[in-house]
Structures are given as structure tokens and as C-alpha cells.
file data.cif (mmCIF, C-alpha atoms)
data_input
loop_
_atom_site.group_PDB
_atom_site.id
_atom_site.type_symbol
_atom_site.label_atom_id
_atom_site.label_comp_id
_atom_site.auth_asym_id
_atom_site.auth_seq_id
_atom_site.Cartn_x
_atom_site.Cartn_y
_atom_site.Cartn_z
ATOM 1 C CA MET C 1 -25.025 16.607 24.692
ATOM 2 C CA ASP C 2 -23.941 20.129 23.756
ATOM 3 C CA ASN C 3 -20.423 19.210 24.630
ATOM 4 C CA ILE C 4 -20.495 16.226 22.240
ATOM 5 C CA LEU C 5 -21.932 18.374 19.425
ATOM 6 C CA ILE C 6 -19.242 20.998 19.905
ATOM 7 C CA LYS C 7 -16.572 18.276 19.836
ATOM 8 C CA LEU C 8 -18.139 16.737 16.709
ATOM 9 C CA LYS C 9 -18.265 20.107 14.945
ATOM 10 C CA LYS C 10 -14.660 20.795 15.862
ATOM 11 C CA SER C 11 -13.600 17.355 14.643
ATOM 12 C CA ILE C 12 -15.466 17.720 11.317
ATOM 13 C CA LYS C 13 -13.828 21.114 10.732
ATOM 14 C CA LYS C 14 -10.392 19.750 11.648
ATOM 15 C CA ASN C 15 -10.771 16.734 9.358
ATOM 16 C CA ILE C 16 -12.080 18.793 6.426
ATOM 17 C CA ARG C 17 -8.952 20.965 6.803
ATOM 18 C CA GLY C 18 -6.787 17.850 6.995
ATOM 19 C CA PHE C 19 -8.486 16.230 4.017
ATOM 20 C CA SER C 20 -8.166 19.332 1.858
ATOM 21 C CA LYS C 21 -4.394 19.053 2.355
ATOM 22 C CA ILE C 22 -4.373 15.337 1.574
ATOM 23 C CA ILE C 23 -6.607 15.433 -1.536
ATOM 24 C CA PRO C 24 -3.896 16.819 -3.901
ATOM 25 C CA LEU C 25 -1.593 14.055 -2.699
ATOM 26 C CA LEU C 26 -4.205 11.349 -3.284
ATOM 27 C CA PHE C 27 -5.028 12.878 -6.651
ATOM 28 C CA GLY C 28 -1.337 12.687 -7.593
ATOM 29 C CA VAL C 29 -1.152 9.028 -6.530
ATOM 30 C CA ILE C 30 -4.274 8.113 -8.526
ATOM 31 C CA LEU C 31 -2.952 9.973 -11.585
ATOM 32 C CA LEU C 32 0.416 8.208 -11.310
ATOM 33 C CA ILE C 33 -1.124 4.750 -10.792
ATOM 34 C CA ASN C 34 -3.306 5.158 -13.885
ATOM 35 C CA LEU C 35 -0.382 6.397 -15.933
ATOM 36 C CA LEU C 36 1.670 3.342 -14.896
ATOM 37 C CA LYS C 37 -1.275 1.062 -15.694
ATOM 38 C CA VAL C 38 -1.412 2.395 -19.238
ATOM 39 C CA VAL C 39 2.345 2.448 -19.806
ATOM 40 C CA PHE C 40 2.959 -1.060 -18.439
ATOM 41 C CA SER C 41 0.575 -3.360 -20.248
ATOM 42 C CA ASN C 42 -0.476 -6.646 -18.601
ATOM 43 C CA ASN C 43 1.857 -8.742 -20.755
ATOM 44 C CA PHE C 44 4.808 -6.396 -20.228
ATOM 45 C CA TYR C 45 6.582 -9.116 -18.201
ATOM 46 C CA SER C 46 7.114 -11.221 -21.349
ATOM 47 C CA LYS C 47 9.416 -8.485 -22.703
ATOM 48 C CA ILE C 48 11.799 -8.506 -19.727
ATOM 49 C CA ILE C 49 12.059 -12.167 -18.703
ATOM 50 C CA THR C 50 15.614 -13.527 -19.156
ATOM 51 C CA ASN C 51 15.123 -17.168 -18.036
ATOM 52 C CA ASN C 52 17.759 -16.654 -15.343
ATOM 53 C CA ILE C 53 15.942 -17.328 -12.051
ATOM 54 C CA ILE C 54 18.014 -14.849 -9.991
ATOM 55 C CA ILE C 55 17.735 -11.982 -12.466
ATOM 56 C CA ASP C 56 14.082 -12.773 -13.159
ATOM 57 C CA SER C 57 13.150 -12.823 -9.485
ATOM 58 C CA PHE C 58 14.492 -9.254 -9.191
ATOM 59 C CA LEU C 59 12.846 -8.182 -12.436
ATOM 60 C CA VAL C 60 9.370 -9.472 -11.540
ATOM 61 C CA ASN C 61 9.811 -8.005 -8.051
ATOM 62 C CA ILE C 62 10.591 -4.585 -9.547
ATOM 63 C CA LEU C 63 7.791 -4.922 -12.111
ATOM 64 C CA GLY C 64 5.239 -5.842 -9.432
ATOM 65 C CA SER C 65 6.416 -2.877 -7.334
ATOM 66 C CA ILE C 66 5.939 -0.449 -10.217
ATOM 67 C CA MET C 67 2.682 -1.824 -11.595
ATOM 68 C CA ALA C 68 -0.375 -0.851 -9.628
ATOM 69 C CA GLY C 69 -4.092 -1.360 -9.392
ATOM 70 C CA ASN C 70 -6.554 -3.832 -7.946
ATOM 71 C CA ALA C 71 -4.963 -7.061 -6.678
ATOM 72 C CA ILE C 72 -7.248 -9.076 -8.969
ATOM 73 C CA ILE C 73 -5.260 -7.780 -11.965
ATOM 74 C CA SER C 74 -2.088 -9.236 -10.414
ATOM 75 C CA TYR C 75 -3.863 -12.614 -10.039
ATOM 76 C CA GLU C 76 -4.849 -12.479 -13.714
ATOM 77 C CA ILE C 77 -1.304 -11.623 -14.771
ATOM 78 C CA GLY C 78 0.014 -14.289 -12.373
ATOM 79 C CA LYS C 79 -2.242 -16.868 -13.971
ATOM 80 C CA ASP C 80 -1.010 -15.805 -17.431
ATOM 81 C CA MET C 81 2.580 -16.054 -16.191
ATOM 82 C CA LEU C 82 1.933 -19.612 -14.975
ATOM 83 C CA ILE C 83 0.382 -20.600 -18.298
ATOM 84 C CA SER C 84 3.372 -19.184 -20.170
ATOM 85 C CA GLY C 85 5.629 -21.362 -17.983
ATOM 86 C CA LEU C 86 7.113 -18.856 -15.572
ATOM 87 C CA GLY C 87 6.754 -20.977 -12.417
ATOM 88 C CA ILE C 88 4.976 -20.392 -9.134
ATOM 89 C CA PHE C 89 8.112 -18.923 -7.466
ATOM 90 C CA LEU C 90 8.280 -15.923 -9.809
ATOM 91 C CA VAL C 91 4.495 -15.573 -9.905
ATOM 92 C CA THR C 92 4.394 -15.359 -6.096
ATOM 93 C CA ILE C 93 7.131 -12.715 -6.012
ATOM 94 C CA PHE C 94 5.248 -10.701 -8.623
ATOM 95 C CA MET C 95 1.872 -10.902 -6.842
ATOM 96 C CA LEU C 96 3.432 -10.098 -3.463
ATOM 97 C CA ALA C 97 5.312 -7.113 -4.905
ATOM 98 C CA TRP C 98 2.066 -5.862 -6.422
ATOM 99 C CA VAL C 99 0.371 -5.650 -2.997
ATOM 100 C CA THR C 100 3.278 -4.978 -0.628
ATOM 101 C CA VAL C 101 5.577 -2.521 -2.426
ATOM 102 C CA GLY C 102 4.124 0.685 -3.808
ATOM 103 C CA ILE C 103 6.399 2.888 -5.877
ATOM 104 C CA ALA C 104 3.459 5.087 -6.924
ATOM 105 C CA GLN C 105 2.235 5.406 -3.331
ATOM 106 C CA LEU C 106 5.708 6.045 -1.902
ATOM 107 C CA PRO C 107 5.555 9.882 -2.111
ATOM 108 C CA ALA C 108 2.197 9.975 -0.298
ATOM 109 C CA GLU C 109 3.342 7.427 2.274
ATOM 110 C CA SER C 110 6.560 9.293 2.993
ATOM 111 C CA ILE C 111 4.804 12.650 3.348
ATOM 112 C CA LEU C 112 2.153 11.274 5.709
ATOM 113 C CA LEU C 113 3.960 8.519 7.613
ATOM 114 C CA GLY C 114 7.589 9.609 7.337
ATOM 115 C CA LYS C 115 10.296 9.315 4.688
ATOM 116 C CA LYS C 116 12.470 6.849 6.580
ATOM 117 C CA PHE C 117 9.494 4.767 7.672
ATOM 118 C CA SER C 118 8.190 4.334 4.134
ATOM 119 C CA LEU C 119 11.622 3.665 2.637
ATOM 120 C CA VAL C 120 12.546 1.036 5.238
ATOM 121 C CA ARG C 121 9.113 -0.584 5.009
ATOM 122 C CA ASN C 122 9.126 -0.822 1.215
ATOM 123 C CA ILE C 123 12.742 -2.052 1.012
ATOM 124 C CA LEU C 124 12.040 -4.757 3.604
ATOM 125 C CA ASN C 125 8.841 -5.743 1.788
ATOM 126 C CA PHE C 126 10.853 -6.047 -1.426
ATOM 127 C CA ILE C 127 13.296 -8.439 0.290
ATOM 128 C CA PHE C 128 10.508 -10.351 2.058
ATOM 129 C CA ASN C 129 8.787 -11.005 -1.282
ATOM 130 C CA ILE C 130 11.695 -13.265 -2.242
ATOM 131 C CA ILE C 131 12.023 -14.886 1.206
ATOM 132 C CA ILE C 132 8.282 -15.609 1.431
ATOM 133 C CA SER C 133 8.268 -17.087 -2.076
ATOM 134 C CA ILE C 134 11.169 -19.423 -1.199
ATOM 135 C CA LEU C 135 9.423 -20.496 2.030
ATOM 136 C CA LEU C 136 6.166 -20.976 0.165
ATOM 137 C CA ILE C 137 7.780 -23.342 -2.323
ATOM 138 C CA LEU C 138 9.429 -25.288 0.511
ATOM 139 C CA LEU C 139 6.190 -25.528 2.515
ATOM 140 C CA MET C 140 4.237 -26.562 -0.601
ATOM 141 C CA ARG C 141 6.675 -29.463 -1.026
ATOM 142 C CA ILE C 142 6.666 -30.485 2.641
ATOM 143 C CA LEU C 143 2.917 -30.213 3.349
ATOM 144 C CA MET R 1 18.518 26.068 -1.620
ATOM 145 C CA MET R 2 16.226 26.784 -4.544
ATOM 146 C CA LEU R 3 14.571 23.353 -4.149
ATOM 147 C CA LYS R 4 14.085 23.958 -0.425
ATOM 148 C CA LYS R 5 12.371 27.282 -1.186
ATOM 149 C CA ILE R 6 10.026 25.602 -3.671
ATOM 150 C CA TYR R 7 9.361 22.821 -1.145
ATOM 151 C CA ASN R 8 8.500 25.309 1.600
ATOM 152 C CA ARG R 9 6.182 27.221 -0.684
ATOM 153 C CA ILE R 10 4.168 24.439 -2.289
ATOM 154 C CA GLY R 11 4.954 21.490 -0.015
ATOM 155 C CA GLY R 12 5.725 17.863 -0.813
ATOM 156 C CA ALA R 13 2.242 17.213 -2.197
ATOM 157 C CA GLY R 14 2.551 20.149 -4.613
ATOM 158 C CA ILE R 15 5.960 18.985 -5.869
ATOM 159 C CA PHE R 16 4.652 15.438 -6.300
ATOM 160 C CA LEU R 17 1.596 16.647 -8.216
ATOM 161 C CA GLY R 18 3.881 18.850 -10.364
ATOM 162 C CA LEU R 19 6.148 15.904 -11.209
ATOM 163 C CA VAL R 20 3.170 13.703 -12.105
ATOM 164 C CA SER R 21 1.848 16.517 -14.322
ATOM 165 C CA ILE R 22 5.202 16.615 -16.124
ATOM 166 C CA LEU R 23 4.922 12.852 -16.748
ATOM 167 C CA TYR R 24 1.443 13.427 -18.182
ATOM 168 C CA ILE R 25 2.754 16.173 -20.471
ATOM 169 C CA ILE R 26 5.439 13.759 -21.703
ATOM 170 C CA LEU R 27 2.774 11.086 -22.290
ATOM 171 C CA LEU R 28 0.606 13.651 -24.098
ATOM 172 C CA ILE R 29 3.500 14.380 -26.474
ATOM 173 C CA LEU R 30 4.419 10.706 -26.968
ATOM 174 C CA ASP R 31 1.019 9.053 -27.141
ATOM 175 C CA PHE R 32 -2.190 11.075 -27.092
ATOM 176 C CA ASN R 33 -4.453 7.991 -26.854
ATOM 177 C CA LYS R 34 -2.636 6.646 -23.795
ATOM 178 C CA PHE R 35 -2.787 10.122 -22.260
ATOM 179 C CA LEU R 36 -6.558 10.217 -22.714
ATOM 180 C CA LEU R 37 -6.943 6.658 -21.420
ATOM 181 C CA SER R 38 -4.939 7.510 -18.266
ATOM 182 C CA LEU R 39 -7.118 10.544 -17.566
ATOM 183 C CA LYS R 40 -10.290 8.537 -18.179
ATOM 184 C CA ASN R 41 -9.067 5.800 -15.817
ATOM 185 C CA THR R 42 -8.180 8.424 -13.205
ATOM 186 C CA PHE R 43 -11.708 9.826 -13.381
ATOM 187 C CA ASN R 44 -13.186 6.308 -13.060
ATOM 188 C CA THR R 45 -10.905 5.526 -10.106
ATOM 189 C CA PHE R 46 -12.039 8.706 -8.362
ATOM 190 C CA ILE R 47 -15.679 7.799 -8.855
ATOM 191 C CA SER R 48 -15.080 4.266 -7.543
ATOM 192 C CA ILE R 49 -13.256 5.399 -4.394
ATOM 193 C CA ILE R 50 -15.552 8.232 -3.345
ATOM 194 C CA TRP R 51 -17.438 5.964 -0.936
ATOM 195 C CA ILE R 52 -14.186 4.736 0.624
ATOM 196 C CA LEU R 53 -13.050 8.348 1.039
ATOM 197 C CA VAL R 54 -16.314 9.040 2.859
ATOM 198 C CA VAL R 55 -15.807 5.933 5.057
ATOM 199 C CA VAL R 56 -12.239 7.005 5.890
ATOM 200 C CA PHE R 57 -13.448 10.551 6.623
ATOM 201 C CA VAL R 58 -16.117 9.217 9.021
ATOM 202 C CA LEU R 59 -13.574 6.837 10.605
ATOM 203 C CA MET R 60 -11.215 9.762 11.129
ATOM 204 C CA ILE R 61 -13.932 11.705 12.933
ATOM 205 C CA ILE R 62 -14.766 8.645 15.048
ATOM 206 C CA SER R 63 -11.065 8.151 15.717
ATOM 207 C CA ASP R 64 -10.833 11.806 16.693
ATOM 208 C CA LEU R 65 -13.704 11.518 19.148
ATOM 209 C CA ILE R 66 -13.174 8.015 20.543
ATOM 210 C CA PHE R 67 -9.530 7.043 19.995
ATOM 211 C CA THR R 68 -7.898 9.523 22.287
ATOM 212 C CA LYS R 69 -4.174 9.287 22.895
ATOM 213 C CA LYS R 70 -4.935 7.655 26.247
ATOM 214 C CA LEU R 71 -7.127 4.956 24.651
ATOM 215 C CA VAL R 72 -4.625 4.192 21.862
ATOM 216 C CA LEU R 73 -1.876 3.775 24.437
ATOM 217 C CA LYS R 74 -4.162 1.610 26.578
ATOM 218 C CA LEU R 75 -5.219 -0.632 23.641
ATOM 219 C CA PHE R 76 -1.721 -1.020 22.225
ATOM 220 C CA ASN R 77 -0.067 -1.369 25.554
ATOM 221 C CA LYS R 78 3.252 -3.222 25.958
ATOM 222 C CA ASN R 79 1.591 -5.795 28.245
ATOM 223 C CA LYS R 80 -1.092 -6.687 25.698
ATOM 224 C CA LYS R 81 1.072 -7.553 22.708
ATOM 225 C CA ILE R 82 -0.968 -10.580 21.580
ATOM 226 C CA LEU R 83 -4.251 -8.672 21.754
ATOM 227 C CA SER R 84 -2.701 -5.659 20.001
ATOM 228 C CA TRP R 85 -1.382 -7.820 17.172
ATOM 229 C CA LEU R 86 -4.691 -9.645 16.845
ATOM 230 C CA LEU R 87 -6.507 -6.308 16.555
ATOM 231 C CA ILE R 88 -4.048 -5.031 13.950
ATOM 232 C CA ILE R 89 -4.106 -8.231 11.881
ATOM 233 C CA ILE R 90 -7.920 -8.312 11.814
ATOM 234 C CA ALA R 91 -8.066 -4.582 10.986
ATOM 235 C CA GLY R 92 -5.600 -5.100 8.120
ATOM 236 C CA LEU R 93 -7.527 -8.077 6.785
ATOM 237 C CA VAL R 94 -10.949 -6.424 6.797
ATOM 238 C CA SER R 95 -9.898 -2.944 5.643
ATOM 239 C CA THR R 96 -10.868 -2.302 2.052
ATOM 240 C CA GLY R 97 -10.002 0.113 -0.759
ATOM 241 C CA PRO R 98 -6.638 1.410 -1.976
ATOM 242 C CA ILE R 99 -3.836 1.469 0.585
ATOM 243 C CA TYR R 100 -3.156 5.215 0.220
ATOM 244 C CA LEU R 101 -6.615 6.087 1.521
ATOM 245 C CA TRP R 102 -5.616 4.662 4.907
ATOM 246 C CA TYR R 103 -2.475 6.788 5.347
ATOM 247 C CA PRO R 104 -4.308 9.816 6.855
ATOM 248 C CA LEU R 105 -6.043 7.676 9.498
ATOM 249 C CA LEU R 106 -2.775 5.862 10.296
ATOM 250 C CA LYS R 107 -0.975 9.208 10.620
ATOM 251 C CA ASP R 108 -3.658 10.360 13.044
ATOM 252 C CA LEU R 109 -3.254 7.185 15.121
ATOM 253 C CA LYS R 110 0.538 7.484 14.930
ATOM 254 C CA ASP R 111 0.305 11.023 16.292
ATOM 255 C CA LYS R 112 -1.743 9.593 19.150
ATOM 256 C CA GLY R 113 0.939 7.067 19.997
ATOM 257 C CA LEU R 114 0.359 4.017 17.780
ATOM 258 C CA GLU R 115 3.763 2.397 17.341
ATOM 259 C CA ASN R 116 5.350 1.983 13.901
ATOM 260 C CA LYS R 117 5.340 -1.813 14.168
ATOM 261 C CA TYR R 118 1.551 -1.892 14.309
ATOM 262 C CA ILE R 119 1.244 0.457 11.317
ATOM 263 C CA VAL R 120 3.588 -1.831 9.366
ATOM 264 C CA GLY R 121 1.552 -4.850 10.489
ATOM 265 C CA PHE R 122 -1.707 -3.246 9.391
ATOM 266 C CA LEU R 123 -0.326 -2.281 5.973
ATOM 267 C CA TYR R 124 1.240 -5.709 5.416
ATOM 268 C CA ASN R 125 -1.925 -7.624 6.300
ATOM 269 C CA ARG R 126 -3.774 -5.577 3.714
ATOM 270 C CA SER R 127 -1.957 -7.762 1.160
ATOM 271 C CA ILE R 128 -4.557 -10.426 1.903
ATOM 272 C CA LYS R 129 -7.738 -9.479 0.092
ATOM 273 C CA LEU R 130 -10.501 -11.487 1.760
ATOM 274 C CA PRO R 131 -13.185 -10.811 -0.893
ATOM 275 C CA LEU R 132 -10.775 -11.940 -3.631
ATOM 276 C CA LEU R 133 -9.764 -15.197 -1.927
ATOM 277 C CA PRO R 134 -12.236 -17.397 -3.885
ATOM 278 C CA ILE R 135 -10.725 -16.120 -7.155
ATOM 279 C CA MET R 136 -7.192 -16.634 -5.881
ATOM 280 C CA ILE R 137 -8.075 -20.186 -4.740
ATOM 281 C CA SER R 138 -9.611 -21.011 -8.128
ATOM 282 C CA TYR R 139 -6.434 -19.803 -9.894
ATOM 283 C CA PHE R 140 -3.716 -21.138 -7.578
ATOM 284 C CA GLY R 141 -5.353 -23.738 -5.313
ATOM 285 C CA LEU R 142 -6.437 -23.804 -1.666
ATOM 286 C CA LYS R 143 -3.118 -25.140 -0.335
ATOM 287 C CA TYR R 144 -1.147 -22.352 -2.028
ATOM 288 C CA VAL R 145 -3.485 -19.624 -0.734
ATOM 289 C CA LEU R 146 -3.534 -20.979 2.853
ATOM 290 C CA ILE R 147 0.267 -21.196 3.023
ATOM 291 C CA LEU R 148 0.622 -17.732 1.499
ATOM 292 C CA MET R 149 -1.846 -16.276 4.026
ATOM 293 C CA PHE R 150 -0.003 -17.917 6.903
ATOM 294 C CA LEU R 151 3.323 -16.531 5.662
ATOM 295 C CA ILE R 152 1.939 -13.024 5.106
ATOM 296 C CA ILE R 153 0.439 -12.859 8.604
ATOM 297 C CA THR R 154 3.645 -14.233 10.168
ATOM 298 C CA PHE R 155 5.859 -11.840 8.202
ATOM 299 C CA SER R 156 3.624 -8.871 9.055
ATOM 300 C CA ILE R 157 4.743 -9.288 12.667
ATOM 301 C CA ILE R 158 8.410 -9.905 11.787
ATOM 302 C CA ASN R 159 8.281 -6.913 9.434
ATOM 303 C CA GLY R 160 6.743 -4.706 12.126
ATOM 304 C CA TYR R 161 9.462 -5.471 14.675
ATOM 305 C CA LEU R 162 12.226 -5.179 12.086
ATOM 306 C CA VAL R 163 11.051 -1.776 10.801
ATOM 307 C CA GLU R 164 10.731 -0.536 14.364
ATOM 308 C CA TYR R 165 14.191 -1.848 15.264
ATOM 309 C CA ILE R 166 15.776 -0.210 12.208
ATOM 310 C CA LEU R 167 14.029 3.109 12.865
ATOM 311 C CA ASN R 168 14.839 3.129 16.581
ATOM 312 C CA HIS R 169 18.494 2.224 16.052
ATOM 313 C CA ASN R 170 19.098 4.541 13.076
ATOM 314 C CA ILE R 171 20.438 1.627 11.042
ATOM 315 C CA MET R 172 19.522 2.957 7.593
#

call {"tool": "encode", "arguments": {"input": "data.cif", "output": "C-alpha cells"}}
result
Amino acid sequence: MDNILIKLKKSIKKNIRGFSKIIPLLFGVILLINLLKVVFSNNFYSKIITNNIIIDSFLVNILGSIMAGNAIISYEIGKDMLISGLGIFLVTIFMLAWVTVGIAQLPAESILLGKKFSLVRNILNFIFNIIISILLILLMRIL
Amino acid sequence: MMLKKIYNRIGGAGIFLGLVSILYIILLILDFNKFLLSLKNTFNTFISIIWILVVVFVLMIISDLIFTKKLVLKLFNKNKKILSWLLIIIAGLVSTGPIYLWYPLLKDLKDKGLENKYIVGFLYNRSIKLPLLPIMISYFGLKYVLILMFLIITFSIINGYLVEYILNHNIM
């Protein structure tokens, strides 16, 4: 029993030390996310859409990667995008980018999990957003 | 040289926080109301994530005590790939809160031997927000959501192996 308590104490101390190092990083991420939320309003997409499907798929992918916050906001924006005639392909790319690519979280991710790891992961996610959206459209038609 | 000195002194987190502060100063100059709104939102976010921070802190202690290097290697063993992936997919699906709160725990598990592909898989499966599914279904339909979920889970595995391959072969 004593042994477990000693281990627990040691672990609490170790994790408090670890957390105190991580808190400034998390604080920075939260500050950045909230700044991006304010700068990029929910209807910001309407200002950048070109009506060229290739350019637009990159633009909404980039926009979704930059914008941050709860996923429900991306669903709301996605719904708005659909109503304004953007099409499910672009909406899917945007919503996927929102949850899979994190520009604001990238510094924290690279410090904690490795620079190369986070870069490769986010770049691949960016590419996959387009591939998944294409497959989704195809599967929606087939099924 | 100068940058390296600054980096060594205050670390990556310090530099990042400094850069974000500069952005806030710029916003303060350009638009005071947006500056205030950002700070207010930051405060609200902090309040809303305190309980998740506590959960992650407790999980890290549990991980420290239970998930020893030996256990992590045993659970995510090369001969138990299907079980390992199932565990990771379920963990990704049920984990809650902002993604960045999970980085410290993942780093801890990585240090204990959890392979990159499983970390990628966990992070990718977090794209599916189980509590938000009813809302998503009401907006985009059941068929759309089911296909999207299937694709996300499938690509979490492809993504995991691809990231690992790229990292192990120094491709990028």
C-alpha cells in the first residue's frame, strides 16, 4: 500500500511539473483559436469563393484548416454553404478540414509530438480531405 | 544564432506565446472590440475546458501508474494489429474536448513506445464527434453521415501507416 502511495505521489508531482510546462502552450493555442474565430467570421467563405471547383476546393480546405472551434460551428457553416448553393463536395472538404487540420494547434502539436510528425500528418490530412470528399460523392451516388 | 539563443532560453512554447501576443497587439491596434471579444472568448474557453484538463491530468496519472512501457508494448504488439486498431479507433471516437488537450497524454504514451501510426489513428478518429451525430444527421442526412464515418475510420488506418512510412523512410 505504501509503495502505491509513494508511486502516486511521485506521479502527481511529475505530472504537475509536466503540466506547468504545457499550460503556456495550451494558453497560446486557445488565444490563437479565439483570435482566428473573431477575425474569420462564419460567412467569410462567401468572400473567397470563385465558382471554380478546383480553386474552391483548395480555398475551402485552407479556410477550414485555419478556422477553429467546436465542430458544431463547422456543421452550421456547412449547412449555410449548402443553402447558398456551394455543393456537398466543397462542404465536406470544409468540414473535414475543420476537424482534421489544425493550423492553430500545429505549434503545440509539433512541440509535443514532433515537428516532422505534425507536418506530415497535417499535410496528409489536407490531401485526404479532397480524396475523402470525392469518394463520398461517388459512394453517395452508388449506394 | 540569435533565434537559437532565444529558443534555448524561453523554449518553443515561449516563442509561440510571444508570437500570439504580437498578433493580439496588432488586433488591439486595428480593432479594439474584436480584441476584447477574443480575450473574452479565451476566458470562456478556459472555463469550459477546465474539467477536461482535470480528466486529462487524472488520465496521465493513471497512464503513469498502469500503462508502463511493457504494457503499452504488449497491448500494441505487432501480432495484435486488429485489436490495437480497434482500441485506438474506439479511444478516438469516445475521447472528448479539444484535440490539443490530448497531446500531453499521447506524448507520454509515445515515450512509452506507442507507435506513430496509432497516434495518427487516434487523432484522425477524433474527427467523428459521437455526441454531435444527431445534429449532423439532421443537417446532412443519415446516408451522408454513415458514409463519411466509414471513410474517416478507413482513412485513419491508411493515414497512420502512411505517416509512419514517411517518417521511417525520411521521405519528407

call {"tool": "resolve_selection", "arguments": {"input": "data.cif", "expression": "the PyMOL selection byres ((chain R) within 6 of (chain C))", "output": "list of chain:residue names"}}
result
R:Ala13, R:Leu17, R:Ser38, R:Thr42, R:Ile61, R:Lys107, R:Ser127

call {"tool": "resolve_selection", "arguments": {"input": "data.cif", "expression": "the PyMOL selection byres ((chain R and resi 135) around 12)", "output": "PyMOL selection string"}}
result
(chain C and resi 71-76+79) or (chain R and resi 129-134+136-142+145)

call {"tool": "resolve_selection", "arguments": {"input": "data.cif", "expression": "the PyMOL selection byres ((chain C and resi 55-63) around 9)", "output": "JSON, numbers by chain"}}
result
{"C": [40, 44, 45, 48, 49, 50, 51, 52, 53, 54, 64, 65, 66, 67, 89, 90, 91, 93, 94, 95, 96, 97, 98, 101, 126, 129, 130]}

call {"tool": "residues_around", "arguments": {"input": "data.cif", "residues": "Ile119 in chain R", "least_positions_apart": "6", "cutoff": "12 Å", "atoms": "all atoms listed in the file", "output": "ChimeraX atom specification"}}
result
/C:109,113-114,117-118,121 /R:76,84-85,87-89,91-92,99,102-111,113,125-126,156-157,159-161,163-164

call {"tool": "atom_distance", "arguments": {"input": "data.cif", "atom1": "CA of Asn168 in chain R", "atom2": "CA of Ile66 in chain R"}}
result
28.7 Å

call {"tool": "axis_aligned_box", "arguments": {"input": "data.cif", "around": "range 43-53 of chain R", "padding_each_side": "3 Å", "output": "lines of an AutoDock Vina configuration file"}}
result
center_x = -14.2
center_y = 7.0
center_z = -6.2
size_x = 12.5
size_y = 11.6
size_z = 20.4

call {"tool": "atom_distance", "arguments": {"input": "data.cif", "atom1": "CA of Leu162 in chain R", "atom2": "CA of Lys117 in chain R"}}
result
7.9 Å

call {"tool": "atom_distance", "arguments": {"input": "data.cif", "atom1": "CA of Ile134 in chain C", "atom2": "CA of Leu148 in chain R"}}
result
11.0 Å

call {"tool": "closest_residue", "arguments": {"input": "data.cif", "among": "C:Ile6, C:Lys115, C:Met81, C:Leu138", "to": "Asn42 in chain C", "atoms": "all atoms listed in the file"}}
result
C:Met81

call {"tool": "closest_residue", "arguments": {"input": "data.cif", "among": "R:Leu123, R:Leu36, R:Lys80, R:Leu65", "to": "Asn3 in chain C", "atoms": "all atoms listed in the file"}}
result
R:Leu65
